[in-house]
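Trainee: For reference, the file entry-v7.txt (compact mmCIF, C-alpha atoms and all ligand atoms) is included below:
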```txt
# COMPACT_ATOMS: atom_id res chain seq x y z
CA MET H 160 -10.62 4.01 25.58
CA ARG H 161 -8.49 7.13 25.97
CA GLN H 162 -4.75 7.31 26.34
CA THR H 163 -3.69 8.90 29.59
CA HIS H 164 -0.24 9.99 28.43
CA ALA H 165 1.51 10.74 25.15
CA PRO H 166 3.04 7.70 23.43
CA SER H 167 6.82 7.57 23.23
CA ASN H 168 8.62 8.26 19.97
CA PRO H 169 8.28 5.53 17.36
CA ILE H 170 11.23 3.30 16.56
CA GLU H 171 13.05 4.67 13.50
CA SER H 172 14.60 2.22 11.07
CA THR H 173 16.26 2.49 7.67
CA VAL H 174 16.90 -0.18 5.07
CA ILE H 175 18.57 0.17 1.67
CA ALA H 176 17.04 -2.53 -0.48
CA GLU H 177 19.34 -4.24 -2.97
CA ALA H 178 18.74 -3.89 -6.68
CA SER H 179 19.22 -7.65 -6.96
CA HIS H 180 16.69 -8.47 -4.22
CA PRO H 181 15.20 -11.85 -5.17
CA ALA H 182 11.73 -11.33 -6.55
CA VAL H 183 9.99 -13.59 -4.04
CA TRP H 184 6.75 -11.66 -4.21
CA ALA H 185 6.95 -11.31 -7.97
CA LYS H 186 6.13 -14.97 -8.48
CA VAL H 187 2.66 -14.18 -9.64
CA VAL H 188 1.55 -16.35 -12.50
CA LEU H 189 -0.60 -14.12 -14.66
CA PRO H 190 -3.33 -15.83 -16.66
CA PRO H 191 -3.09 -15.12 -20.41
CA SER H 192 -6.09 -12.77 -20.29
CA VAL H 193 -4.27 -10.55 -17.80
CA ARG H 194 -0.91 -10.69 -19.53
CA GLN H 195 -2.42 -9.52 -22.80
CA LEU H 196 -4.42 -6.61 -21.43
CA PRO H 197 -3.46 -3.27 -22.93
CA LEU H 198 -2.22 -0.67 -20.49
CA GLY H 199 -5.32 1.11 -19.24
CA ALA H 200 -5.90 4.84 -19.36
CA ASN H 201 -6.99 4.94 -15.74
CA PHE H 202 -6.50 2.86 -12.59
CA ASP H 203 -6.25 -0.69 -13.69
CA PRO H 204 -6.07 -3.76 -11.39
CA ASP H 205 -4.20 -5.85 -13.96
CA ARG H 206 -1.64 -3.16 -14.45
CA TYR H 207 -1.40 -2.70 -10.69
CA LEU H 208 -0.73 -6.39 -10.24
CA ARG H 209 2.03 -6.30 -12.79
CA ALA H 210 3.57 -3.10 -11.40
CA SER H 211 3.39 -4.20 -7.78
CA ALA H 212 4.85 -7.62 -8.52
CA LEU H 213 7.62 -6.04 -10.52
CA LEU H 214 8.49 -3.29 -8.14
CA GLN H 215 8.46 -5.00 -4.76
CA LEU H 216 6.86 -2.02 -3.04
CA LYS H 217 5.71 -4.20 -0.24
CA GLY H 218 5.89 -4.69 3.46
CA TYR H 219 4.86 -8.35 3.23
CA ASP H 220 8.10 -9.83 4.53
CA TYR H 221 8.26 -7.35 7.34
CA LEU H 222 4.63 -7.89 8.33
CA LEU H 223 5.30 -11.63 8.47
CA THR H 224 8.34 -11.06 10.68
CA LEU H 225 6.26 -8.95 13.05
CA CYS H 226 3.31 -11.29 13.34
CA GLY H 227 5.45 -14.46 13.64
CA PRO H 228 4.24 -17.95 12.73
CA LEU H 229 0.48 -18.32 12.50
CA GLY H 230 -1.39 -20.62 14.90
CA ALA H 231 -2.93 -23.86 13.56
CA ASP H 232 -6.34 -22.46 12.72
CA GLU H 233 -6.02 -18.70 12.74
CA ARG H 234 -8.61 -16.58 11.02
CA VAL H 235 -6.78 -13.92 9.06
CA LEU H 236 -7.99 -10.80 7.25
CA ASP H 237 -5.91 -8.74 4.80
CA ILE H 238 -7.59 -5.35 4.49
CA GLY H 239 -7.15 -3.37 1.26
CA CYS H 240 -5.87 -6.62 -0.27
CA GLY H 241 -5.83 -5.43 -3.90
CA PRO H 242 -5.18 -8.43 -6.15
CA GLY H 243 -4.78 -10.66 -3.09
CA THR H 244 -1.16 -11.73 -3.52
CA PHE H 245 -0.36 -11.48 0.18
CA GLY H 246 -3.46 -13.39 1.26
CA ARG H 247 -2.69 -16.10 -1.22
CA HIS H 248 0.79 -16.51 0.20
CA LEU H 249 -0.63 -16.70 3.73
CA ALA H 250 -3.23 -19.26 2.67
CA GLU H 251 -0.60 -21.40 0.92
CA MET H 252 1.79 -21.29 3.87
CA ASN H 253 -0.92 -21.96 6.45
CA PRO H 254 -3.36 -24.55 5.12
CA GLY H 255 -5.05 -24.80 8.54
CA SER H 256 -5.91 -21.10 8.55
CA VAL H 257 -8.75 -19.37 6.81
CA VAL H 258 -7.62 -16.22 5.04
CA THR H 259 -9.92 -13.46 3.79
CA GLY H 260 -8.80 -10.60 1.58
CA SER H 261 -11.05 -7.54 1.55
CA ASP H 262 -11.00 -4.48 -0.67
CA ILE H 263 -13.34 -1.67 -1.63
CA SER H 264 -12.73 -2.26 -5.33
CA ALA H 265 -14.89 -4.91 -6.99
CA GLU H 266 -12.50 -4.86 -9.95
CA MET H 267 -9.50 -5.65 -7.75
CA LEU H 268 -11.45 -8.48 -6.13
CA ALA H 269 -12.47 -9.89 -9.51
CA LEU H 270 -8.80 -10.07 -10.42
CA ALA H 271 -7.92 -11.57 -7.03
CA ARG H 272 -10.50 -14.33 -7.56
CA GLU H 273 -9.27 -14.91 -11.09
CA ILE H 274 -5.63 -15.41 -10.18
CA SER H 275 -6.32 -17.34 -6.95
CA PRO H 276 -9.34 -19.52 -7.81
CA ARG H 277 -11.28 -21.28 -5.06
CA GLU H 278 -10.58 -24.70 -6.60
CA GLN H 279 -6.88 -24.13 -5.91
CA TYR H 280 -7.09 -22.10 -2.71
CA SER H 281 -9.94 -23.53 -0.67
CA ASN H 282 -8.91 -21.61 2.49
CA LEU H 283 -8.79 -18.22 0.73
CA HIS H 284 -11.83 -15.94 0.39
CA PHE H 285 -12.34 -12.44 -0.92
CA ALA H 286 -14.95 -9.96 0.26
CA GLU H 287 -15.87 -6.43 -0.73
CA ALA H 288 -15.48 -4.20 2.32
CA ASP H 289 -14.71 -0.56 2.98
CA LEU H 290 -11.90 -0.06 5.49
CA ARG H 291 -13.97 2.69 7.08
CA ASN H 292 -16.87 0.35 7.87
CA LEU H 293 -15.32 -3.00 8.69
CA GLY H 294 -17.83 -3.59 11.48
CA ASN H 295 -20.63 -3.52 8.88
CA HIS H 296 -19.00 -6.24 6.80
CA PHE H 297 -17.62 -8.69 9.39
CA TRP H 298 -18.76 -10.17 12.71
CA ASP H 299 -17.47 -8.95 16.06
CA GLY H 300 -14.35 -10.92 16.98
CA GLU H 301 -14.30 -12.68 13.58
CA PHE H 302 -10.50 -12.48 13.08
CA ASP H 303 -7.42 -13.44 15.09
CA LEU H 304 -5.06 -11.54 12.84
CA VAL H 305 -5.66 -8.45 10.69
CA LEU H 306 -2.93 -7.41 8.28
CA SER H 307 -2.70 -4.63 5.75
CA ASN H 308 -0.09 -3.60 3.23
CA TYR H 309 -0.09 -0.12 1.67
CA ALA H 310 -3.79 0.59 2.01
CA PHE H 311 -4.30 2.39 5.32
CA HIS H 312 -2.81 5.68 4.04
CA TRP H 313 -6.02 6.09 2.05
CA MET H 314 -7.65 6.88 5.38
CA LEU H 315 -6.91 10.52 4.68
CA SER H 316 -9.14 12.32 7.18
CA ASP H 317 -9.08 12.02 10.97
CA GLU H 318 -12.61 10.66 10.78
CA ASP H 319 -11.64 7.91 8.33
CA LYS H 320 -8.71 6.86 10.50
CA ALA H 321 -10.91 6.76 13.61
CA ARG H 322 -13.57 4.72 11.81
CA ALA H 323 -10.99 2.28 10.48
CA PHE H 324 -9.46 1.74 13.93
CA THR H 325 -12.91 1.29 15.49
CA GLY H 326 -13.73 -1.33 12.85
CA ILE H 327 -10.47 -3.21 13.37
CA GLY H 328 -11.13 -3.17 17.12
CA SER H 329 -14.58 -4.68 16.66
CA ILE H 330 -13.64 -7.48 14.25
CA LEU H 331 -10.57 -8.63 16.22
CA SER H 332 -11.00 -11.53 18.63
CA ALA H 333 -10.18 -10.90 22.31
CA LYS H 334 -6.54 -11.91 21.87
CA GLY H 335 -6.35 -10.82 18.24
CA LYS H 336 -3.56 -8.74 16.75
CA ALA H 337 -3.31 -6.36 13.83
CA PHE H 338 -0.25 -5.24 11.88
CA LEU H 339 -0.52 -2.41 9.37
CA TYR H 340 2.16 -1.18 6.97
CA PHE H 341 1.36 2.02 5.08
CA SER H 342 2.87 5.16 3.58
CA ALA H 343 3.72 7.94 6.01
CA GLY H 344 3.78 11.70 5.57
CA GLY H 345 7.08 12.51 3.83
CA ALA H 346 7.11 9.32 1.74
CA PHE H 347 8.22 9.90 -1.84
CA LYS H 348 8.89 13.54 -0.96
CA GLU H 349 11.46 14.17 -3.68
CA LEU H 350 9.38 12.27 -6.23
CA PHE H 351 6.32 14.38 -5.47
CA GLU H 352 8.48 17.50 -5.70
CA ALA H 353 9.62 16.36 -9.14
CA GLY H 354 5.92 15.97 -9.96
CA TYR H 355 5.22 19.54 -8.80
CA SER H 356 7.97 20.85 -11.10
CA VAL H 357 6.49 18.99 -14.06
CA ILE H 358 2.87 20.05 -13.47
CA ALA H 359 3.97 23.68 -13.54
CA ARG H 360 5.05 23.26 -17.19
CA PRO H 361 2.71 24.84 -19.78
CA SER H 362 1.74 21.49 -21.33
CA TRP H 363 0.53 20.05 -18.00
CA ALA H 364 -0.51 22.99 -15.81
CA HIS H 365 -4.02 23.03 -17.30
CA TYR H 366 -4.73 19.60 -15.75
CA PHE H 367 -3.34 20.55 -12.35
CA ASP H 368 -5.13 23.75 -11.36
CA GLY H 369 -2.56 25.90 -13.14
CA GLY H 370 0.26 23.92 -11.53
CA THR H 371 -0.86 24.49 -7.94
CA PHE H 372 -2.13 20.93 -7.29
CA LYS H 373 -0.75 19.08 -4.25
CA HIS H 374 -0.89 15.38 -3.41
CA PRO H 375 -3.12 14.87 -0.34
CA PRO H 376 -0.99 14.67 2.80
CA LEU H 377 -0.12 11.13 3.90
CA PRO H 378 -0.71 10.20 7.56
CA THR H 379 1.65 11.30 10.31
CA PHE H 380 2.29 9.55 13.63
CA LYS H 381 0.66 12.45 15.43
CA GLU H 382 -2.61 11.87 13.55
CA ILE H 383 -2.37 8.11 13.96
CA ASP H 384 -1.73 8.37 17.71
CA SER H 385 -4.60 10.76 18.09
CA ALA H 386 -7.01 8.45 16.23
CA LEU H 387 -5.75 5.45 18.21
CA GLY H 388 -6.19 7.30 21.48
CA ASN H 389 -9.94 7.36 20.90
CA SER H 390 -10.18 3.79 19.64
CA PRO H 391 -10.64 0.38 21.26
CA LEU H 392 -7.02 -0.45 20.29
CA LYS H 393 -3.58 0.07 21.78
CA ALA H 394 -0.30 0.12 19.89
CA THR H 395 2.17 -2.68 20.62
CA HIS H 396 4.57 -1.64 17.87
CA ARG H 397 5.15 1.87 16.46
CA GLU H 398 7.76 2.27 13.80
CA LEU H 399 8.67 4.81 11.17
CA ARG H 400 10.45 2.73 8.56
CA THR H 401 12.47 4.13 5.69
CA VAL H 402 13.25 1.79 2.84
CA TRP H 403 15.29 3.09 -0.07
CA ARG H 404 13.99 1.11 -3.00
CA PRO H 405 15.78 0.73 -6.33
CA PHE H 406 13.90 1.12 -9.60
CA SER H 407 14.94 1.20 -13.22
CA ARG H 408 13.82 4.42 -14.93
CA GLU H 409 11.25 2.50 -16.94
CA ASP H 410 9.82 0.70 -13.88
CA LEU H 411 9.67 3.89 -11.85
CA ALA H 412 7.70 5.64 -14.61
CA GLU H 413 5.31 2.69 -14.87
CA TRP H 414 4.86 2.52 -11.11
CA PHE H 415 4.18 6.28 -10.96
CA ALA H 416 1.66 6.04 -13.80
CA VAL H 417 -0.18 3.12 -12.19
CA CYS H 418 0.01 3.86 -8.48
CA ILE H 419 0.31 7.59 -7.87
CA ARG H 420 -3.39 8.08 -8.45
CA PRO H 421 -3.80 11.63 -7.10
CA PHE H 422 -1.51 12.88 -9.89
CA MET H 423 -2.58 10.44 -12.58
CA ASN H 424 -6.34 10.79 -12.04
CA ARG H 425 -5.96 14.35 -13.31
CA LEU H 426 -4.78 12.96 -16.65
CA SER H 427 -7.28 10.13 -17.01
CA SER H 428 -8.94 11.78 -20.03
CA LEU H 429 -5.65 11.68 -21.94
CA PRO H 430 -4.45 8.81 -24.11
CA ASP H 431 -2.17 6.32 -22.43
CA ALA H 432 0.84 7.54 -24.40
CA ASP H 433 0.45 11.06 -22.95
CA GLN H 434 0.09 9.70 -19.43
CA LYS H 435 3.27 7.73 -19.92
CA ARG H 436 5.03 10.80 -21.24
CA PHE H 437 4.02 12.67 -18.10
CA ALA H 438 5.31 9.89 -15.85
CA HIS H 439 8.59 9.83 -17.77
CA GLU H 440 8.98 13.59 -17.39
CA VAL H 441 8.52 13.19 -13.64
CA VAL H 442 11.17 10.48 -13.53
CA THR H 443 13.65 12.57 -15.53
CA GLU H 444 13.04 15.51 -13.22
CA TYR H 445 13.44 13.21 -10.21
CA GLN H 446 16.75 11.94 -11.52
CA LEU H 447 18.03 15.49 -12.02
CA LYS H 448 16.85 16.63 -8.59
CA THR H 449 18.24 13.69 -6.67
CA GLU H 450 21.57 13.67 -8.46
CA ALA H 451 22.07 17.10 -6.94
CA ILE H 452 21.41 15.83 -3.39
CA THR H 453 24.50 14.67 -1.51
CA GLY H 454 24.05 11.33 0.19
CA TYR H 455 21.08 10.21 -1.92
CA PRO H 456 21.61 6.48 -2.51
CA ARG H 457 22.65 5.46 -6.01
CA ASP H 458 24.30 2.40 -7.43
CA THR H 459 26.34 1.42 -10.42
CA SER H 460 23.54 -0.48 -12.16
CA GLY H 461 21.73 2.76 -13.01
CA ALA H 462 18.91 2.16 -10.52
CA LEU H 463 17.09 5.19 -9.14
CA TYR H 464 16.30 4.95 -5.44
CA ILE H 465 13.10 6.25 -3.96
CA ARG H 466 12.55 7.01 -0.31
CA ASP H 467 9.65 4.87 0.84
CA LEU H 468 8.71 6.06 4.31
CA ALA H 469 6.18 3.87 6.08
CA ILE H 470 4.35 3.68 9.36
CA VAL H 471 4.33 0.19 10.77
CA LEU H 472 1.82 -0.44 13.52
CA GLY H 473 1.20 -3.42 15.75
CA LEU H 474 -2.19 -3.26 17.47
CA GLU H 475 -4.17 -5.15 20.09
CA LYS H 476 -7.42 -4.56 21.88
CA ALA H 477 -6.89 -2.03 24.66
C1 LIG H 501 -1.69 0.17 -3.12
S1 LIG H 501 -3.01 -0.97 -3.15
C2 LIG H 501 -2.38 -2.23 -2.07
C3 LIG H 501 -2.96 -3.57 -2.41
C4 LIG H 501 -2.37 -4.75 -1.67
N1 LIG H 501 -2.51 -4.62 -0.24
C5 LIG H 501 -0.93 -4.99 -2.05
O1 LIG H 501 -0.09 -5.04 -1.16
O2 LIG H 501 -0.64 -5.14 -3.24
C6 LIG H 501 -4.22 -0.17 -2.12
C7 LIG H 501 -5.52 -0.94 -2.08
O3 LIG H 501 -6.35 -0.32 -1.09
C8 LIG H 501 -7.67 -0.36 -1.57
N2 LIG H 501 -8.46 0.66 -0.87
C9 LIG H 501 -8.37 2.00 -0.97
N3 LIG H 501 -9.29 2.57 -0.18
C10 LIG H 501 -9.95 1.59 0.45
C11 LIG H 501 -11.01 1.54 1.38
N4 LIG H 501 -11.60 2.66 1.82
N5 LIG H 501 -11.45 0.34 1.80
C12 LIG H 501 -10.89 -0.80 1.36
N6 LIG H 501 -9.88 -0.84 0.45
C13 LIG H 501 -9.42 0.35 0.01
C14 LIG H 501 -7.54 -0.10 -3.06
O4 LIG H 501 -8.69 -0.52 -3.77
C15 LIG H 501 -6.29 -0.90 -3.39
O5 LIG H 501 -6.61 -2.21 -3.78
```
What would the structure in this file look like if it were written as structure tokens?
Ligand SMILES: C[S@@+](CC[C@H](N)C(=O)[O-])C[C@H]1O[C@@H](n2cnc3c(N)ncnc32)[C@H](O)[C@@H]1O
Mentor:
Amino acid sequence: MRQTHAPSNPIESTVIAEASHPAVWAKVVLPPSVRQLPLGANFDPDRYLRASALLQLKGYDYLLTLCGPLGADERVLDIGCGPGTFGRHLAEMNPGSVVTGSDISAEMLALAREISPREQYSNLHFAEADLRNLGNHFWDGEFDLVLSNYAFHWMLSDEDKARAFTGIGSILSAKGKAFLYFSAGGAFKELFEAGYSVIARPSWAHYFDGGTFKHPPLPTFKEIDSALGNSPLKATHRELRTVWRPFSREDLAEWFAVCIRPFMNRLSSLPDADQKRFAHEVVTEYQLKTEAITGYPRDTSGALYIRDLAIVLGLEKA
């Protein structure tokens, strides 16, 4: 279905998160095997779980506000679920619902199953599925609610976005809704710029095409609207949400090392200590750069704020 006119500007919202924000989503009980794992040299689900629980980089609360209370027996899918923390919360809060978490990574799903075992969470399932082919993995109309937190920005090309929207359209029931929260173009701008300064240094340039490497562009509203315009979906909510999130220096370096894969993948052949050193150099550079910017949030506890810019979409069948 095609849009006949250009969508209006998205809502713009800004939140400054508090350093003392209660760690509601950090209440992940790690099994001993996970707690004792050494920090991996490359992308590591266990390390991701720890970093994401610690750092609160999540739209969970906001997604729940947008979708409202679940119906008695809703069928829910969390796409790009990672270690499944969000799905587990939904399953716990809504015992009458059946919740599925899907991800492309078998390793992430293995961890999700380990920390949320079927014996304890009988209404929670996990399934391997590529966001770009959801229609191949699930039945038409199988879900009443599709949610996603920080995964959709990996739909980097126009084609991937279009395929993902087509899939969501096919697996949603007639009255189904979807809410997606994901990084937008411009997110972490100053942090990436700090990264670009560091990769230009002689000790790192070799790994980053002589220092010319750039992080792939994150999605813009223009691209999203264009992909939606050719999809079976219409937007019911369009928001560009800025959240200034506080991090300790140590946590920010760990989060960068674990989650900013386009940079860190370049260093995956290096020992963990060198990768950490790189992430710390980026954080030091970030601190220097942002201290020079008037109006950049800071607080007295020594937290560094990062600008987390997200697109929040509410979708229904057109
Ligand atoms: C930043 S993590 C977010 C995980 C989880 N939603 C959370 O809030 O913690 C992004 C997740 O998207 C998954 N992912 C990336 N590309 C994907 C794709 N094409 N299909 C399905 N999942 C994908 C990754 O494997 C990863 O688990």
Trainee: If you count all atoms listed in the file, which residues fall within 9 Å of H:Tyr355, apart from same-chain ones fewer than 6 positions away, as a PyMOL selection string?
Mentor: chain H and resi 370-373+441
Trainee: Could you give me, as number ranges by chain, the residues that have an atom at most 9 Å away from the point (1.1, -15.1, 7.4) in the coordinates of the file, using all atoms listed in the file?
Mentor: H: 219, 222-224, 226-229, 235, 245-246, 248-250, 252-253, 304, 306
Trainee: Which protein, DNA or RNA residues have an atom within 7 Å of ligand LIG 501 (chain H), counting all atoms listed in the file, as a count of residues only?
Mentor: 26
Trainee: Using only C-alpha atoms, determine which residues lie at most 8 Å from stretch 471-477 of chain H, disregarding the query and same-chain residues fewer than 4 positions distant; provide the list as a list in words.
Mentor: Met160, Leu225, Gly328, Leu331, Ala333, Lys334, Gly335, Lys336, Ala337, Phe338, Leu339, Tyr340, Phe341, Pro391, Leu392, Lys393, Ala394, Thr395, His396, Arg397, Glu398, Leu399 and Arg400 of chain H
Trainee: Out of H:Gly326, H:Gly369, H:Gly354, H:Pro405, which residue has the shortest atom-to-atom distance to H:Glu440 when counting all atoms listed in the file?
Mentor: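 Answer, going by the shortest atom-to-atom distance: H:Gly354.
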Trainee: Check the smallest atom-to-atom distance from each of H:Phe437, H:Ala323, H:Gly344, H:Asn295 to H:Arg360 using all atoms listed in the file, then report the winner.
Mentor: H:Phe437
Trainee: Mind giving me the straight-line distance from atom CA of H:Asp317 to atom CA of H:Thr379 in Å, one decimal?
Mentor: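 The value is 10.8 Å.
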Trainee: Which is closer to H:Arg322 than all the others in H:Leu350, H:Leu208, H:Leu411, H:Ala386, using only C-alpha atoms?
Mentor: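 Between H:Leu350, H:Leu208, H:Leu411, H:Ala386, the residue approaching H:Arg322 most closely is H:Ala386.
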Trainee: Pick out the residues sitting within 12 Å of stretch 422-434 of chain H, and hand them over as a ChimeraX atom specification; count all atoms listed in the file, and ignore anything fewer than 5 positions along from it in its own chain.
Mentor: /H:197-203,350-355,357-358,362-368,370-375,412-417,439-441
Trainee: Just how far from atom CA of H:Arg234 is atom CA of H:Arg272, in Å to one decimal?
Mentor: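 Atom CA of H:Arg272 sits 18.8 Å away from atom CA of H:Arg234.
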Trainee: Could you check how far atom CA of H:Glu318 sits from atom CA of H:Phe380, in Å to one decimal?
Mentor: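 These two atoms are separated by 15.2 Å.
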Trainee: Return the single residue from H:Ile419, H:Ile327, H:Ala286, H:Leu463 that is closest to H:Leu447, with distances computed using all atoms listed in the file.
Mentor: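 The shortest atom-to-atom distance to H:Leu447 comes from H:Leu463.
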Trainee: When you look at stretch 448-456 of chain H with a cut-off of 8 Å (counting only C-alpha atoms), what residues show up, excluding the ones that are within fewer than 4 positions of it in the same chain? I need them as a compact mmCIF listing (two decimals) with C-alpha atoms, in the coordinates of the input.
Mentor:
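Final output, saved to out.txt:
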```txt
# COMPACT_ATOMS: atom_id res chain seq x y z
CA GLU H 349 11.46 14.17 -3.68
CA ALA H 353 9.62 16.36 -9.14
CA TRP H 403 15.29 3.09 -0.07
CA GLU H 444 13.04 15.51 -13.22
CA TYR H 464 16.30 4.95 -5.44
```
